[in-house]
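Everything below belongs to data.txt, which stores compact mmCIF, C-alpha atoms.
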# COMPACT_ATOMS: atom_id res chain seq x y z
CA MET G 1 14.30 38.24 5.90
CA THR G 2 13.78 39.14 2.25
CA CYS G 3 10.68 40.72 0.68
CA ASP G 4 9.82 37.37 -0.94
CA ASP G 5 9.94 35.67 2.46
CA ALA G 6 7.78 38.38 4.02
CA GLU G 7 5.26 38.24 1.15
CA VAL G 8 4.56 34.57 1.96
CA LEU G 9 3.97 35.33 5.64
CA LEU G 10 1.95 38.57 5.52
CA HIS G 11 -1.48 36.91 5.34
CA ALA G 12 -0.55 34.51 8.15
CA LEU G 13 0.53 37.52 10.27
CA ILE G 14 -2.82 39.26 9.72
CA ASP G 15 -4.74 36.10 10.62
CA GLY G 16 -2.66 35.54 13.77
CA GLU G 17 -1.34 32.20 12.52
CA LEU G 18 2.39 32.85 13.07
CA ASP G 19 4.29 31.90 16.19
CA ALA G 20 5.94 34.67 18.16
CA GLY G 21 9.36 34.20 16.52
CA HIS G 22 8.11 34.40 12.94
CA ALA G 23 5.75 37.27 13.74
CA ARG G 24 8.63 39.27 15.21
CA GLU G 25 10.81 38.64 12.15
CA VAL G 26 8.08 39.81 9.77
CA GLU G 27 7.35 42.89 11.87
CA ASP G 28 11.06 43.79 12.05
CA HIS G 29 11.29 43.50 8.25
CA ILE G 30 8.18 45.62 7.71
CA ALA G 31 9.58 48.33 9.99
CA THR G 32 12.47 48.87 7.56
CA CYS G 33 10.74 48.06 4.25
CA PRO G 34 8.16 50.60 2.97
CA ARG G 35 7.11 48.28 0.13
CA CYS G 36 6.14 45.41 2.43
CA GLY G 37 4.61 47.89 4.87
CA GLN G 38 2.31 49.16 2.13
CA ARG G 39 1.35 45.59 1.21
CA LEU G 40 0.50 44.78 4.81
CA ALA G 41 -1.64 47.93 5.11
CA ALA G 42 -3.48 47.05 1.89
CA TYR G 43 -4.11 43.48 3.04
CA ARG G 44 -5.44 44.70 6.39
CA GLU G 45 -7.83 47.13 4.68
CA MET G 46 -9.05 44.32 2.46
CA SER G 47 -9.58 42.07 5.49
CA LYS G 48 -11.55 44.82 7.29
CA ALA G 49 -13.74 45.40 4.24
CA ILE G 50 -14.60 41.70 3.97
CA THR G 51 -15.33 41.47 7.69
CA ALA G 52 -17.54 44.59 7.64
CA ALA G 53 -19.56 43.40 4.63
CA ASP G 54 -22.90 41.81 5.52
CA LEU G 55 -22.50 38.55 3.61
CA SER G 56 -24.76 36.38 5.78
CA TYR G 57 -28.18 35.21 4.59
CA THR G 58 -31.14 34.19 6.71
CA ALA G 59 -33.81 32.06 5.08
CA PRO G 60 -37.33 33.49 5.40
CA ALA G 61 -39.87 31.89 7.74
CA SER G 62 -42.07 31.09 4.74
CA LEU G 63 -39.43 28.63 3.51
CA ARG G 64 -39.58 26.73 6.83
CA ARG G 65 -43.38 26.56 6.60
CA ARG G 66 -43.24 25.21 3.03
CA ILE G 67 -40.73 22.52 4.03
CA GLU G 68 -42.80 21.47 7.05
CA ALA G 69 -45.92 21.29 4.89
CA THR G 70 -44.27 18.67 2.66
CA LEU G 71 -43.39 16.38 5.59
CA PRO G 72 -45.72 13.47 6.44
CA GLU G 73 -48.12 14.07 9.34
CA MET G 74 -46.74 12.70 12.61
CA HIS G 75 -49.12 10.46 14.59
CA LYS G 76 -49.16 10.51 18.34
CA PRO G 77 -47.10 7.51 19.55
CA SER G 78 -48.20 5.11 22.27
CA ARG G 79 -46.59 5.15 25.72
CA ARG G 80 -44.95 1.76 25.04
CA ALA G 81 -43.51 3.03 21.77
CA VAL G 82 -42.15 6.09 23.51
CA LEU G 83 -40.43 3.98 26.22
CA ARG G 84 -39.06 1.52 23.65
CA GLY G 85 -37.80 4.39 21.53
CA PHE G 86 -36.20 6.03 24.56
CA ALA G 87 -34.34 2.84 25.50
CA MET G 88 -33.19 2.25 21.95
CA GLY G 89 -32.23 5.88 21.57
CA SER G 90 -30.15 5.78 24.74
CA ALA G 91 -28.20 2.77 23.49
CA VAL G 92 -27.68 4.30 20.07
CA SER G 93 -26.65 7.59 21.65
CA ALA G 94 -24.04 5.84 23.79
CA ILE G 95 -22.58 4.09 20.74
CA ALA G 96 -22.71 7.28 18.67
CA ALA G 97 -21.08 9.28 21.45
CA SER G 98 -18.09 6.94 21.58
CA GLY G 99 -17.78 7.18 17.81
CA ILE G 100 -18.02 10.96 17.88
CA VAL G 101 -15.26 11.16 20.49
CA ALA G 102 -13.01 9.01 18.28
CA ILE G 103 -13.78 11.17 15.25
CA VAL G 104 -13.11 14.39 17.17
CA LEU G 105 -9.81 13.08 18.51
CA ARG G 106 -8.77 11.90 15.04
CA SER G 107 -9.77 15.24 13.53
CA ASP G 108 -7.75 17.08 16.18
CA ASP G 109 -4.69 14.93 15.41
CA GLU G 110 -5.03 15.57 11.68
CA ALA G 111 -5.48 19.32 12.19
CA ARG G 112 -2.41 19.44 14.45
CA MET G 113 -0.38 17.49 11.92
CA LYS G 114 -1.42 19.78 9.07
CA SER G 115 -0.53 22.81 11.19
CA GLU G 116 2.91 21.34 11.91
CA ILE G 117 3.46 20.57 8.21
CA VAL G 118 2.55 24.11 7.14
CA SER G 119 4.75 25.61 9.89
CA ALA G 120 7.69 23.50 8.73
CA HIS G 121 7.04 24.60 5.14
CA LEU G 122 7.02 28.26 6.20
CA ARG G 123 10.27 27.83 8.15
CA SER G 124 11.93 26.33 5.10
CA LEU G 125 11.15 29.43 3.02
CA GLN G 126 13.42 31.58 5.16
CA ALA G 127 16.80 32.30 3.66
CA GLY G 128 19.23 29.41 4.14
CA HIS G 129 16.62 26.99 5.53
CA LEU G 130 15.32 25.29 2.41
CA THR G 131 17.94 22.54 1.91
CA ASP G 132 20.67 20.78 3.87
CA VAL G 133 21.84 19.02 0.73
CA LEU G 134 21.54 21.05 -2.47
CA SER G 135 21.45 18.87 -5.57
CA THR G 136 19.27 18.04 -8.56
CA ASP G 137 20.68 14.49 -8.57
CA GLN G 138 18.47 11.95 -6.81
CA HIS G 139 21.53 9.70 -6.34
CA THR G 140 23.12 12.46 -4.26
CA VAL G 141 20.05 13.46 -2.25
CA LYS G 142 18.83 9.98 -1.25
CA PRO G 143 22.15 8.69 0.20
CA TRP G 144 22.51 11.90 2.20
CA PHE G 145 19.62 10.77 4.44
CA ASN G 146 21.27 7.42 5.26
CA GLY G 147 22.05 7.14 8.96
CA LYS G 148 20.14 10.33 9.78
CA LEU G 149 16.68 8.71 9.87
CA ASP G 150 15.38 5.22 10.65
CA VAL G 151 14.11 5.03 7.08
CA ALA G 152 15.60 7.15 4.30
CA PRO G 153 12.80 8.76 2.25
CA PRO G 154 12.51 7.75 -1.41
CA VAL G 155 13.76 10.36 -3.87
CA VAL G 156 12.71 10.47 -7.52
CA ASP G 157 13.69 12.75 -10.37
CA LEU G 158 10.62 14.48 -11.86
CA THR G 159 12.47 17.13 -13.86
CA ALA G 160 11.17 15.77 -17.17
CA GLN G 161 7.62 16.10 -15.82
CA GLY G 162 8.15 19.75 -14.86
CA TYR G 163 8.97 19.34 -11.15
CA THR G 164 12.65 20.02 -10.49
CA LEU G 165 14.39 18.30 -7.59
CA ILE G 166 16.52 20.87 -5.76
CA GLY G 167 17.61 18.97 -2.64
CA GLY G 168 16.58 17.69 0.76
CA ARG G 169 16.88 18.42 4.45
CA LEU G 170 16.08 17.14 7.92
CA ASP G 171 13.09 18.77 9.58
CA TYR G 172 11.02 18.30 12.71
CA VAL G 173 7.30 17.57 12.60
CA ASP G 174 5.24 16.47 15.59
CA ALA G 175 8.41 16.48 17.74
CA ARG G 176 10.28 13.95 15.59
CA ALA G 177 12.85 14.13 12.82
CA VAL G 178 11.50 13.63 9.31
CA GLY G 179 12.93 13.83 5.82
CA ALA G 180 11.88 16.65 3.51
CA ILE G 181 12.48 16.38 -0.24
CA VAL G 182 12.33 19.74 -1.99
CA TYR G 183 11.05 20.35 -5.51
CA ARG G 184 10.38 23.49 -7.49
CA ARG G 185 7.61 24.19 -10.02
CA ARG G 186 8.38 27.52 -11.73
CA LEU G 187 8.65 29.91 -8.73
CA HIS G 188 6.75 27.62 -6.36
CA VAL G 189 8.47 25.45 -3.73
CA ILE G 190 7.07 22.02 -2.94
CA ASN G 191 8.11 20.39 0.33
CA LEU G 192 7.46 16.64 0.38
CA PHE G 193 7.62 15.45 4.00
CA VAL G 194 7.99 11.71 4.53
CA THR G 195 7.20 10.09 7.88
CA GLN G 196 7.33 6.47 8.95
CA THR G 197 4.13 4.72 10.10
CA ALA G 198 3.44 1.33 11.64
CA SER G 199 0.70 0.63 9.10
CA THR G 200 1.56 -0.66 5.63
CA GLU G 201 -1.98 0.03 4.39
CA HIS G 202 -2.26 2.04 1.19
CA ARG G 203 -4.22 5.26 1.71
CA PRO G 204 -5.42 7.02 -1.45
CA ALA G 205 -4.21 10.55 -2.08
CA ARG G 206 -6.35 13.55 -1.21
CA THR G 207 -5.79 17.29 -1.50
CA GLU G 208 -6.82 19.81 1.15
CA THR G 209 -6.31 23.51 1.75
CA PHE G 210 -5.00 24.56 5.15
CA GLN G 211 -3.98 28.09 6.24
CA GLY G 212 -3.77 29.20 2.62
CA PHE G 213 -1.58 26.30 1.46
CA ASN G 214 -2.51 23.16 -0.48
CA ILE G 215 -1.57 19.81 1.04
CA ARG G 216 -1.51 16.52 -0.89
CA THR G 217 -1.23 13.50 1.38
CA TRP G 218 -1.17 9.73 0.88
CA SER G 219 0.26 6.60 2.52
CA ASP G 220 2.03 3.63 0.99
CA GLY G 221 4.51 0.96 2.04
CA GLY G 222 4.70 2.06 5.68
CA LEU G 223 5.33 5.72 4.84
CA ASN G 224 3.12 8.80 5.05
CA TYR G 225 3.66 11.50 2.43
CA TRP G 226 2.73 15.16 2.87
CA ALA G 227 3.33 17.49 -0.09
CA VAL G 228 2.71 21.15 0.77
CA SER G 229 2.96 24.23 -1.44
CA ASP G 230 1.24 27.43 -2.53
CA LEU G 231 1.06 25.77 -5.94
CA ALA G 232 -2.44 25.39 -7.41
CA ALA G 233 -4.30 22.35 -6.08
CA ASP G 234 -4.53 20.63 -9.47
CA GLU G 235 -0.79 20.99 -10.11
CA LEU G 236 0.06 19.72 -6.62
CA ALA G 237 -2.24 16.74 -7.21
CA GLU G 238 -0.44 16.15 -10.51
CA PHE G 239 2.88 16.24 -8.66
CA GLY G 240 1.67 13.61 -6.19
CA ASP G 241 0.36 11.40 -8.98
CA LYS G 242 3.63 11.60 -10.93
CA PHE G 243 5.66 10.88 -7.78
CA GLN G 244 3.59 7.77 -7.06
CA ALA G 245 3.81 6.65 -10.69
CA ALA G 246 7.61 7.01 -10.60
CA MET G 247 7.74 4.99 -7.38
CA ARG G 248 5.70 2.19 -8.95
CA SER G 249 7.93 2.27 -12.03
CA ASN G 250 11.06 2.01 -9.90
CA ALA G 251 9.58 -0.89 -7.91
CA SER G 252 8.74 -2.86 -11.04
CA GLY G 253 11.98 -2.03 -12.85
Translate the structure described by the file into structure tokens.
Amino acid sequence: MTCDDAEVLLHALIDGELDAGHAREVEDHIATCPRCGQRLAAYREMSKAITAADLSYTAPASLRRRIEATLPEMHKPSRRAVLRGFAMGSAVSAIAASGIVAIVLRSDDEARMKSEIVSAHLRSLQAGHLTDVLSTDQHTVKPWFNGKLDVAPPVVDLTAQGYTLIGGRLDYVDARAVGAIVYRRRLHVINLFVTQTASTEHRPARTETFQGFNIRTWSDGGLNYWAVSDLAADELAEFGDKFQAAMRSNASG
């Protein structure tokens, strides 16, 4: 492991977000690298200082009283109204509960997927793991995926827009093989993971931050796209927009 590799993983090590294998590799590197050891010590001191700082705020009781004073006076309800409200509330609660369960399950799936995407991105940053096919030519990278996946991911050249194609590789996300197209923006690596989906519905792009990385995701034409990088959120969003624009241009050309 190089110092650059370790630098990416130090914060994740402090936060306990690395699996045992990656944590051991970082710790082995730190044991023989004074520079990275000093960085880790500095980061830990910073984390302790933030944790020790009393940053919470409790609103005063007077604020609660002022808010309650502005609310309309509640009249005592009749017994019939109470029973009717209870029955209606029970039905609504049952419906809401089923919806909440669906939302929680969906949220758990999305969180797991984002965790898998970030883990795959971190693995790729280790020496020798970034690309299986190293090329800036989209006509070399795209055919390389043929026969390795059910659907070969689309590959576009965005060099003129400031995002250099450097290759592609096979990766594993959510226990299945997926294609990863690799771009570079200055010193930042962008992994674009492409997964097949049964739905052909277009899902607009959105950008989120997860475990210190920005993720730009969208769906189109039966494919899900996940772009992950430590690149600034606005630049990653720009990357996603330019990729989609190039895809539309290719489809109409």
Separation of CA of Ser119 (chain G) from CA of Arg39 (chain G), in Å and rounded to one decimal: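 Spanning CA of Ser119 (chain G) to CA of Arg39 (chain G) is a straight-line distance of 22.0 Å.
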All residues 10 Å or closer to Gln126 (chain G), all atoms listed in the file, same chain fewer than 2 positions away omitted, as a list in words: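 Using all atoms listed in the file, the neighbours found are Met1, Thr2, Asp4, Asp5, Ala6, Val8, His22, His121, Leu122, Arg123, Ser124, Gly128, His129 and Leu130 of chain G.
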Axis-aligned box over every listed atom of region 58-71 of chain G, padded by 4 Å per side: centre and edges in Å to one decimal, as JSON?
{"center_x": -38.5, "center_y": 25.3, "center_z": 5.2, "size_x": 22.8, "size_y": 25.8, "size_z": 13.1}
Residue among G:Trp226, G:Tyr183, G:Tyr43, G:Phe193 lying closest to Gln161 (chain G), counting all atoms listed in the file: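 Between G:Trp226, G:Tyr183, G:Tyr43, G:Phe193, the residue approaching Gln161 (chain G) most closely is G:Tyr183.
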Proximity to Ala160 (chain G) - best of G:Arg216, G:Lys148, G:His139, G:Lys242, all atoms listed in the file: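 Of the candidates, the smallest distance to Ala160 (chain G) is held by G:Lys242.
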Pick from G:Val155, G:Ala41, G:Ile215, G:Ala198, whichever lies nearest to Gly179 (chain G) using all atoms listed in the file: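 Answer, going by the shortest atom-to-atom distance: G:Val155.
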Surrounding residues of Thr217 (chain G) excluding itself and chain neighbours under 5 positions, 6 Å, all atoms listed in the file, as a ChimeraX atom specification: /G:205-206,225-226
Residues near Cys33 (chain G), cut-off 12 Å, only C-alpha atoms, skip fewer than 2 positions along chain, as a list of chain:residue names: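 With the cut-off at 12 Å, the set is G:Met1, G:Thr2, G:Cys3, G:Asp4, G:Ala6, G:Glu7, G:Val26, G:Glu27, G:Asp28, G:His29, G:Ile30, G:Ala31, G:Arg35, G:Cys36, G:Gly37, G:Gln38, G:Arg39, G:Leu40.
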